[in-house]
Every structure is written in C-alpha cells, then in structure tokens.
Amino acid sequence: MKQEYAYWMALAHLPQISNRLKNDIIVNIFRENISIIDFFRLDRSTLESVYKLDITAIALLEESKKELANYSFIVEDLLEQGYDILPITSEKYSGTLKNNLKRTYAPPLIYVKGNQKMLQEQSLAIVGSRNASGAALRFTDNVALEASKSYKVVVSGFAKGVDKQALDSAIKYNGQSIIVLPQGIMTFASGFKKYYPQIISGDVLVLSAFFPKAPWNVKLAMARNPIIYGLADEIFVAESSDKGGTWAGVIDGLRKGRKIYVRVPEKNGKNANQLLINQGAFPVDSEGNIVEQNYELTAETPPVFPTQKLKAEKEKVFELLKGGEYSSKEIIQKLKLDLNTRQLTSYLKTQDEIKTINSKPLKFTIAKQDEYSLFNQGAD
C-alpha cells in the first residue's frame, strides 16, 4: 500500500478536475478490480472508453506522472513523522464523510494525525461566526459539554470564534475533537506543538484534505467547510449571518435533509438564526435542547425546503427509475408529484443510487450496484 500512496496523491491533487470525476475514476478502478498503479499505466483508448476521460483530463493525468517521484518523497516524510494517508477506499476513511458528501464532493484522499478511531464514532459539528457573541460562545460550550458526556466527537474548523471555542471546550470537558484544517497537514507545526498532549492521549485528531504542504488561504478555508459538515452526524449552529460560510453550509445541509439545530436568537440579536429556523432547521435553547416555536411564515420568509416531501416520494421515484430512463419532468408527470423540475433534479443529483445521463434534458436511472456501493460504506 505504501507504494500506492504517491499514485493516490497524483490522482487526488489533479488540478482542474472535480472530486466527482476523480471519484468516478475510483469507482471504475474499484469495478475493474485493478490497483491505482495499474490505472496510471492504462493506455489512452482505455481511459477514453472505460473511464470516460476527455483529452484535457488525460493530458492532466499524464502531466501528473511527472510529480510521482516528488510525491514519493512526501509520502516517506509523512509516514516517518507519524501522519497517515487514507484513500477513500480505506476502511479507516470516515463513513460519515463519504455518506454525507457522496461521490460528488467527498475528498478522494485525506491526511490525518491522531486517533483515527474518531472517524468511526458518532459526531457533531458546532459552527458559527468568527466574531461570535457571548451568547453564541456559551451555547458552544454547553453543546460541547453535552457531546463529551455522550461520547460524541466534536468537529471544528480551527477558526477563531465558535470553532476555537468548540475545540477548547471539548478538551476542557475531556471529550474528543477533530480539527479540520484549511491548509496542508504538514504546515500545522505550531498547532501540533500546542495540542501534542491531546493528540498523544487520543483526544484530538488533525485532518486535512489538501496537498500536505499547502499554506493557508481563503479558498482552502471555504473548501474546508463542507468537510466539517460532512464529518458530522449532527450540526449545531451557534450563530450565523445571512451570508458567508456558515449560512451557505447550513442552507446546503437543509436542502440535503441534514439534521441541523440552530440556537434560538436572543431578542434584538444581530444574526440570521431565526431565518435558518424558518427554513426548516430545528430551534434549540442555550443548552442545545429542541424547543417549540410559534411563528408564522411571512411574505419575506423564504419557503421551507421540500426535503421531507422528496424523501416521502423517494421509493416511488426509485421504483420508476428501475424500469428505464426519465427526465425530471417525465417523473413528475408520471407520478403526479407536487414538486417542480428544478427541485427534483437537484435532489436526484445528490443520490448516489441514481445515475445521471447527460442528455437534453437530463435523464436519470438507477445506477448499477458497483457504481455506488463504494460510497455507501458506513452509511446509516
């Protein structure tokens, strides 16, 4: 396996190639029962016919081979320093991350240092503003305390404000925490020094999905956010504005039917927490407990996402797609669904059991078992 890591790095860090395409390649490797090294030795015709790669992707793949020697040195360095490299095919890779982000967004490779068993434990993320209010920080502390009592891992992004409070509180209450880095794992020297006792004791795991020597930058910070949400079974929102990373992550999670709990805002609080609750998130008190709220949707309130409606119709839709290929419009007409085509199309694209056929309009059908089984490992 050690020899293969350099090839995994070459695939995972291909520039200009989406995670979806990289994971499609991995599914085909899995299906063809070949190694990652064998894949890099395939001829152009096979890459085109079996792996559906275009000229640009093949050229990038060929260019990446020039970096294999450099990647091999990095692999040696990583392993010598106690880091671990987990391809998405590894049993140690987080099933929660794979199940939440699915083939479209799950990182093909992650780098970790610390107690890897945390990747298989129940987990929650506490998210919110960098410039969080006192109420938001107290909420974060309370939720981290309850998580520690329940042996749930707290996932955080190591930003100031709510993220840092979540980590510090988990440590304070002798809980466990995963730090998701907005940079390469080899550039976190000061953090490893600071949290060395907790890493050694098995209470902190450091994780990165980026090139090991990549420095912090804004793009990586934004790309880290879906990984934080993806690693968590539950998401608690301490405080959010109506834009930015927290807002975008929660809205995306609500569309996908994630369990998201939002702190009920204090009177005159300057945040968008109530808007998220109106969108379908569960309102919770300062301790993280669900509370009843009586409020009416106004003309200014965005509609609740049709996630539950989609889930209720899922079996009927899947049964129809077992018999052929259909567009969203055809599915809605045949099953008389109370949905619009945009809603249904967006939902079907997130389902790994569904294969998208690139036609005009897009059509959908049930994927073959070997096309999605890799991404259902660890699913509920």
# chains A, B, ... in the order shown; residues from 1 in each chain; ligands from 1
call {"tool": "select_by_dssp", "arguments": {"residues": "range 117-199 of chain A", "states": "strand (DSSP E or B)", "output": "PyMOL selection string"}}
result
chain A and resi 123-128+153-156+177-180
call {"tool": "write_last_selection", "arguments": {"atoms": "N, CA and C atoms", "output": "compact mmCIF listing (two decimals), in the first residue's frame"}}
result
# COMPACT_ATOMS: atom_id res chain seq x y z
N SER A 123 -20.68 11.82 15.86
CA SER A 123 -20.02 13.12 15.85
C SER A 123 -21.01 14.26 15.65
N LEU A 124 -20.59 15.44 16.04
CA LEU A 124 -21.39 16.64 15.76
C LEU A 124 -20.44 17.81 15.50
N ALA A 125 -20.91 18.73 14.71
CA ALA A 125 -20.15 19.95 14.44
C ALA A 125 -20.87 21.13 15.08
N ILE A 126 -20.10 22.03 15.66
CA ILE A 126 -20.66 23.28 16.20
C ILE A 126 -20.07 24.39 15.34
N VAL A 127 -20.92 25.12 14.63
CA VAL A 127 -20.44 26.09 13.66
C VAL A 127 -21.01 27.47 13.98
N GLY A 128 -20.33 28.48 13.44
CA GLY A 128 -20.81 29.84 13.67
C GLY A 128 -19.78 30.88 13.32
N VAL A 153 -17.93 12.89 19.21
CA VAL A 153 -16.76 13.66 18.78
C VAL A 153 -17.21 15.03 18.28
N VAL A 154 -16.52 16.08 18.72
CA VAL A 154 -16.82 17.44 18.28
C VAL A 154 -15.91 17.79 17.10
N VAL A 155 -16.52 18.16 15.97
CA VAL A 155 -15.77 18.52 14.76
C VAL A 155 -15.70 20.04 14.68
N SER A 156 -14.50 20.58 14.44
CA SER A 156 -14.36 22.03 14.33
C SER A 156 -13.33 22.38 13.26
N SER A 177 -12.11 15.57 19.86
CA SER A 177 -12.36 16.56 18.82
C SER A 177 -11.53 16.28 17.58
N ILE A 178 -12.13 16.57 16.42
CA ILE A 178 -11.42 16.52 15.14
C ILE A 178 -11.21 17.95 14.66
N ILE A 179 -9.96 18.29 14.39
CA ILE A 179 -9.63 19.60 13.82
C ILE A 179 -9.53 19.44 12.31
N VAL A 180 -10.37 20.15 11.56
CA VAL A 180 -10.33 20.10 10.10
C VAL A 180 -9.57 21.33 9.61
call {"tool": "residues_around", "arguments": {"residues": "Lys52 in chain A", "least_positions_apart": "3", "cutoff": "12 Å", "atoms": "only C-alpha atoms", "output": "PyMOL selection string"}}
result
chain A and resi 21-22+24-25+28+44-49+55-58
call {"tool": "write_last_selection", "arguments": {"atoms": "all heavy atoms", "output": "short mmCIF file (atom, residue, chain, number, x, y, z; two decimals), in the first residue's frame"}}
result
data_model
loop_
_atom_site.label_atom_id
_atom_site.label_comp_id
_atom_site.auth_asym_id
_atom_site.auth_seq_id
_atom_site.Cartn_x
_atom_site.Cartn_y
_atom_site.Cartn_z
N LEU A 21 -15.36 13.75 -10.75
CA LEU A 21 -14.67 12.98 -11.79
C LEU A 21 -13.61 12.07 -11.18
O LEU A 21 -13.45 10.91 -11.59
CB LEU A 21 -14.04 13.92 -12.81
CG LEU A 21 -13.28 13.25 -13.97
CD1 LEU A 21 -14.16 12.22 -14.67
CD2 LEU A 21 -12.77 14.29 -14.97
N LYS A 22 -12.89 12.58 -10.19
CA LYS A 22 -11.88 11.74 -9.52
C LYS A 22 -12.53 10.52 -8.88
O LYS A 22 -12.01 9.41 -8.97
CB LYS A 22 -11.13 12.56 -8.47
CG LYS A 22 -10.26 13.67 -9.05
CD LYS A 22 -9.73 14.58 -7.96
CE LYS A 22 -8.97 15.76 -8.55
NZ LYS A 22 -8.55 16.75 -7.52
N ASP A 24 -15.43 9.21 -9.75
CA ASP A 24 -15.90 8.34 -10.83
C ASP A 24 -14.77 7.41 -11.29
O ASP A 24 -14.98 6.23 -11.55
CB ASP A 24 -16.38 9.18 -12.02
CG ASP A 24 -17.77 9.78 -11.80
OD1 ASP A 24 -18.47 9.32 -10.88
OD2 ASP A 24 -18.13 10.69 -12.55
N ILE A 25 -13.56 7.97 -11.40
CA ILE A 25 -12.39 7.17 -11.77
C ILE A 25 -12.16 6.06 -10.74
O ILE A 25 -11.93 4.90 -11.08
CB ILE A 25 -11.14 8.06 -11.89
CG1 ILE A 25 -11.25 8.97 -13.11
CG2 ILE A 25 -9.86 7.21 -11.96
CD1 ILE A 25 -10.17 10.05 -13.18
N ASN A 28 -14.58 3.25 -11.05
CA ASN A 28 -14.22 2.38 -12.16
C ASN A 28 -13.02 1.49 -11.83
O ASN A 28 -12.97 0.33 -12.23
CB ASN A 28 -13.94 3.21 -13.42
CG ASN A 28 -15.20 3.57 -14.17
OD1 ASN A 28 -16.06 2.72 -14.40
ND2 ASN A 28 -15.32 4.82 -14.55
N ARG A 44 -4.38 5.35 -23.63
CA ARG A 44 -5.34 6.43 -23.88
C ARG A 44 -6.72 5.90 -24.26
O ARG A 44 -7.75 6.41 -23.80
CB ARG A 44 -4.81 7.34 -24.98
CG ARG A 44 -5.73 8.50 -25.35
CD ARG A 44 -5.13 9.34 -26.45
NE ARG A 44 -3.96 10.06 -25.97
CZ ARG A 44 -4.01 11.29 -25.45
NH1 ARG A 44 -5.17 11.91 -25.33
NH2 ARG A 44 -2.92 11.87 -25.04
N SER A 45 -6.77 4.88 -25.10
CA SER A 45 -8.06 4.37 -25.57
C SER A 45 -8.90 3.81 -24.42
O SER A 45 -10.12 4.00 -24.39
CB SER A 45 -7.85 3.29 -26.65
OG SER A 45 -7.17 2.17 -26.10
N THR A 46 -8.24 3.14 -23.47
CA THR A 46 -8.97 2.62 -22.31
C THR A 46 -9.46 3.75 -21.42
O THR A 46 -10.57 3.71 -20.89
CB THR A 46 -8.07 1.66 -21.49
OG1 THR A 46 -7.59 0.62 -22.33
CG2 THR A 46 -8.84 1.06 -20.32
N LEU A 47 -8.62 4.77 -21.24
CA LEU A 47 -9.03 5.92 -20.43
C LEU A 47 -10.24 6.62 -21.04
O LEU A 47 -11.11 7.13 -20.32
CB LEU A 47 -7.86 6.90 -20.30
CG LEU A 47 -6.66 6.41 -19.49
CD1 LEU A 47 -5.52 7.42 -19.57
CD2 LEU A 47 -7.04 6.16 -18.03
N GLU A 48 -10.30 6.63 -22.37
CA GLU A 48 -11.43 7.26 -23.04
C GLU A 48 -12.68 6.40 -22.99
O GLU A 48 -13.77 6.89 -22.70
CB GLU A 48 -11.06 7.56 -24.50
CG GLU A 48 -10.03 8.67 -24.67
CD GLU A 48 -9.63 8.85 -26.12
OE1 GLU A 48 -9.89 7.93 -26.93
OE2 GLU A 48 -9.05 9.90 -26.44
N SER A 49 -12.54 5.10 -23.28
CA SER A 49 -13.71 4.23 -23.42
C SER A 49 -14.26 3.75 -22.08
O SER A 49 -15.48 3.75 -21.86
CB SER A 49 -13.36 3.03 -24.29
OG SER A 49 -12.31 2.26 -23.71
N ILE A 55 -9.85 14.65 -23.57
CA ILE A 55 -8.46 14.95 -23.92
C ILE A 55 -7.78 15.76 -22.81
O ILE A 55 -6.63 15.50 -22.44
CB ILE A 55 -8.39 15.73 -25.25
CG1 ILE A 55 -8.90 14.85 -26.39
CG2 ILE A 55 -6.98 16.21 -25.54
CD1 ILE A 55 -9.03 15.58 -27.71
N THR A 56 -8.50 16.73 -22.26
CA THR A 56 -7.93 17.59 -21.21
C THR A 56 -7.59 16.77 -19.96
O THR A 56 -6.50 16.91 -19.40
CB THR A 56 -8.92 18.70 -20.83
OG1 THR A 56 -9.21 19.49 -21.99
CG2 THR A 56 -8.33 19.60 -19.75
N ALA A 57 -8.50 15.93 -19.53
CA ALA A 57 -8.28 15.12 -18.33
C ALA A 57 -7.11 14.15 -18.54
O ALA A 57 -6.29 13.96 -17.63
CB ALA A 57 -9.54 14.34 -17.98
N ILE A 58 -7.02 13.56 -19.71
CA ILE A 58 -5.93 12.62 -19.99
C ILE A 58 -4.59 13.35 -19.99
O ILE A 58 -3.59 12.84 -19.46
CB ILE A 58 -6.17 11.90 -21.33
CG1 ILE A 58 -7.39 10.97 -21.21
CG2 ILE A 58 -4.93 11.10 -21.75
CD1 ILE A 58 -7.82 10.34 -22.51
#
call {"tool": "atom_distance", "arguments": {"atom1": "CA of Gly114 in chain A", "atom2": "CA of Leu14 in chain A"}}
result
26.6 Å
call {"tool": "atom_distance", "arguments": {"atom1": "CA of Tyr229 in chain A", "atom2": "CA of Lys368 in chain A"}}
result
28.0 Å
call {"tool": "select_by_dssp", "arguments": {"residues": "range 53-302 of chain A", "states": "alpha helix (DSSP H)", "output": "ChimeraX atom specification"}}
result
/A:55-64,68-80,95-105,134-149,162-172,189-194,196-201,218-230,245-255,273-278
call {"tool": "residues_around", "arguments": {"residues": "Pro283 in chain A", "least_positions_apart": "4", "cutoff": "8 Å", "atoms": "only C-alpha atoms", "output": "list of chain:residue names"}}
result
A:Tyr261, A:Val262, A:Arg263, A:Val264, A:Ile277, A:Ile290, A:Val291, A:Glu292, A:Gln293
call {"tool": "write_last_selection", "arguments": {"atoms": "N, CA, C and O atoms", "output": "tab-separated table (two decimals), in the first residue's frame"}}
result
chain	number	residue	atom	x	y	z
A	261	TYR	N	-29.45	21.96	13.95
A	261	TYR	CA	-30.07	22.57	15.11
A	261	TYR	C	-29.52	23.98	15.28
A	261	TYR	O	-28.30	24.17	15.32
A	262	VAL	N	-30.40	24.95	15.35
A	262	VAL	CA	-29.99	26.36	15.40
A	262	VAL	C	-30.43	26.99	16.72
A	262	VAL	O	-31.59	26.86	17.12
A	263	ARG	N	-29.51	27.67	17.36
A	263	ARG	CA	-29.81	28.36	18.63
A	263	ARG	C	-30.88	29.43	18.39
A	263	ARG	O	-30.76	30.26	17.49
A	264	VAL	N	-31.92	29.38	19.22
A	264	VAL	CA	-32.94	30.43	19.14
A	264	VAL	C	-32.30	31.76	19.51
A	264	VAL	O	-31.69	31.87	20.58
A	277	ILE	N	-34.05	28.90	11.09
A	277	ILE	CA	-35.12	28.11	11.71
A	277	ILE	C	-36.35	28.12	10.83
A	277	ILE	O	-37.01	27.10	10.61
A	290	ILE	N	-34.06	20.86	21.86
A	290	ILE	CA	-35.09	21.33	20.93
A	290	ILE	C	-36.23	22.00	21.70
A	290	ILE	O	-36.66	21.52	22.74
A	291	VAL	N	-36.69	23.13	21.17
A	291	VAL	CA	-37.79	23.87	21.79
A	291	VAL	C	-38.89	24.09	20.76
A	291	VAL	O	-38.66	24.06	19.55
A	292	GLU	N	-40.10	24.30	21.26
A	292	GLU	CA	-41.23	24.61	20.38
A	292	GLU	C	-41.23	26.09	20.09
A	292	GLU	O	-40.96	26.92	20.96
A	293	GLN	N	-41.53	26.41	18.85
A	293	GLN	CA	-41.64	27.82	18.48
A	293	GLN	C	-42.94	28.06	17.74
A	293	GLN	O	-43.33	27.27	16.88
call {"tool": "residues_around", "arguments": {"residues": "Tyr7 in chain A", "least_positions_apart": "3", "cutoff": "10 Å", "atoms": "only C-alpha atoms", "output": "VMD selection string"}}
result
chain A and resid 2 to 4 10 to 13 35 to 40 64 to 65 67 to 69 71 to 72
call {"tool": "write_last_selection", "arguments": {"atoms": "N, CA and C atoms", "output": "PDB file, in the first residue's frame"}}
result
ATOM      1  N   LYS A   2       1.978   1.204   0.718  1.00  0.00           N
ATOM      2  CA  LYS A   2       2.866   2.364   0.814  1.00  0.00           C
ATOM      3  C   LYS A   2       3.290   2.857  -0.565  1.00  0.00           C
ATOM      4  N   GLN A   3       3.566   1.932  -1.474  1.00  0.00           N
ATOM      5  CA  GLN A   3       3.979   2.290  -2.826  1.00  0.00           C
ATOM      6  C   GLN A   3       2.864   3.007  -3.580  1.00  0.00           C
ATOM      7  N   GLU A   4       1.616   2.681  -3.238  1.00  0.00           N
ATOM      8  CA  GLU A   4       0.479   3.252  -3.961  1.00  0.00           C
ATOM      9  C   GLU A   4       0.160   4.687  -3.544  1.00  0.00           C
ATOM     10  N   ALA A  10      -1.235  11.706  -6.662  1.00  0.00           N
ATOM     11  CA  ALA A  10      -1.273  12.229  -8.031  1.00  0.00           C
ATOM     12  C   ALA A  10      -2.702  12.362  -8.531  1.00  0.00           C
ATOM     13  N   LEU A  11      -3.547  11.388  -8.196  1.00  0.00           N
ATOM     14  CA  LEU A  11      -4.948  11.454  -8.611  1.00  0.00           C
ATOM     15  C   LEU A  11      -5.719  12.487  -7.793  1.00  0.00           C
ATOM     16  N   ALA A  12      -5.545  12.449  -6.474  1.00  0.00           N
ATOM     17  CA  ALA A  12      -6.313  13.336  -5.588  1.00  0.00           C
ATOM     18  C   ALA A  12      -6.038  14.805  -5.848  1.00  0.00           C
ATOM     19  N   HIS A  13      -4.801  15.128  -6.224  1.00  0.00           N
ATOM     20  CA  HIS A  13      -4.429  16.528  -6.386  1.00  0.00           C
ATOM     21  C   HIS A  13      -4.303  16.949  -7.851  1.00  0.00           C
ATOM     22  N   SER A  35      -5.406  -2.009  -9.459  1.00  0.00           N
ATOM     23  CA  SER A  35      -4.807  -1.114  -8.475  1.00  0.00           C
ATOM     24  C   SER A  35      -4.696   0.299  -9.043  1.00  0.00           C
ATOM     25  N   ILE A  36      -4.455   1.265  -8.159  1.00  0.00           N
ATOM     26  CA  ILE A  36      -4.257   2.644  -8.602  1.00  0.00           C
ATOM     27  C   ILE A  36      -3.019   2.752  -9.492  1.00  0.00           C
ATOM     28  N   ILE A  37      -2.030   1.926  -9.238  1.00  0.00           N
ATOM     29  CA  ILE A  37      -0.822   1.926 -10.077  1.00  0.00           C
ATOM     30  C   ILE A  37      -1.163   1.424 -11.476  1.00  0.00           C
ATOM     31  N   ASP A  38      -1.970   0.367 -11.548  1.00  0.00           N
ATOM     32  CA  ASP A  38      -2.391  -0.161 -12.848  1.00  0.00           C
ATOM     33  C   ASP A  38      -3.150   0.904 -13.640  1.00  0.00           C
ATOM     34  N   PHE A  39      -3.968   1.676 -12.942  1.00  0.00           N
ATOM     35  CA  PHE A  39      -4.730   2.726 -13.627  1.00  0.00           C
ATOM     36  C   PHE A  39      -3.813   3.718 -14.328  1.00  0.00           C
ATOM     37  N   PHE A  40      -2.737   4.121 -13.653  1.00  0.00           N
ATOM     38  CA  PHE A  40      -1.823   5.093 -14.242  1.00  0.00           C
ATOM     39  C   PHE A  40      -1.049   4.513 -15.430  1.00  0.00           C
ATOM     40  N   SER A  64       0.614  14.687 -14.428  1.00  0.00           N
ATOM     41  CA  SER A  64       0.760  14.365 -13.001  1.00  0.00           C
ATOM     42  C   SER A  64       1.807  13.280 -12.762  1.00  0.00           C
ATOM     43  N   LYS A  65       2.072  12.455 -13.763  1.00  0.00           N
ATOM     44  CA  LYS A  65       3.066  11.379 -13.608  1.00  0.00           C
ATOM     45  C   LYS A  65       4.461  11.947 -13.348  1.00  0.00           C
ATOM     46  N   GLU A  67       5.133  14.177 -11.341  1.00  0.00           N
ATOM     47  CA  GLU A  67       5.240  14.515  -9.921  1.00  0.00           C
ATOM     48  C   GLU A  67       5.346  13.282  -9.022  1.00  0.00           C
ATOM     49  N   LEU A  68       5.290  12.098  -9.593  1.00  0.00           N
ATOM     50  CA  LEU A  68       5.268  10.880  -8.773  1.00  0.00           C
ATOM     51  C   LEU A  68       6.499  10.743  -7.881  1.00  0.00           C
ATOM     52  N   ALA A  69       7.670  11.096  -8.422  1.00  0.00           N
ATOM     53  CA  ALA A  69       8.891  10.998  -7.611  1.00  0.00           C
ATOM     54  C   ALA A  69       8.818  11.948  -6.414  1.00  0.00           C
ATOM     55  N   TYR A  71       6.042  13.118  -5.031  1.00  0.00           N
ATOM     56  CA  TYR A  71       5.027  12.596  -4.125  1.00  0.00           C
ATOM     57  C   TYR A  71       5.582  11.452  -3.277  1.00  0.00           C
ATOM     58  N   SER A  72       6.438  10.633  -3.851  1.00  0.00           N
ATOM     59  CA  SER A  72       7.035   9.527  -3.099  1.00  0.00           C
ATOM     60  C   SER A  72       7.866  10.032  -1.928  1.00  0.00           C
TER      61      SER A  72
END
call {"tool": "residues_around", "arguments": {"residues": "Thr365 in chain A", "least_positions_apart": "3", "cutoff": "7 Å", "atoms": "only C-alpha atoms", "output": "PyMOL selection string"}}
result
chain A and resi 321-322+324-326+354-356
call {"tool": "write_last_selection", "arguments": {"atoms": "C-alpha atoms", "output": "mmCIF file, in the first residue's frame"}}
result
data_model
loop_
_atom_site.group_PDB
_atom_site.id
_atom_site.type_symbol
_atom_site.label_atom_id
_atom_site.label_comp_id
_atom_site.auth_asym_id
_atom_site.auth_seq_id
_atom_site.Cartn_x
_atom_site.Cartn_y
_atom_site.Cartn_z
ATOM 1 C CA LEU A 321 -36.292 4.591 -12.486
ATOM 2 C CA LYS A 322 -35.604 0.861 -12.174
ATOM 3 C CA GLY A 324 -35.871 2.996 -17.552
ATOM 4 C CA GLU A 325 -34.535 6.491 -18.095
ATOM 5 C CA TYR A 326 -36.688 9.537 -17.337
ATOM 6 C CA ILE A 354 -29.125 7.401 -9.225
ATOM 7 C CA LYS A 355 -27.163 7.673 -12.459
ATOM 8 C CA THR A 356 -27.388 10.979 -14.337
#
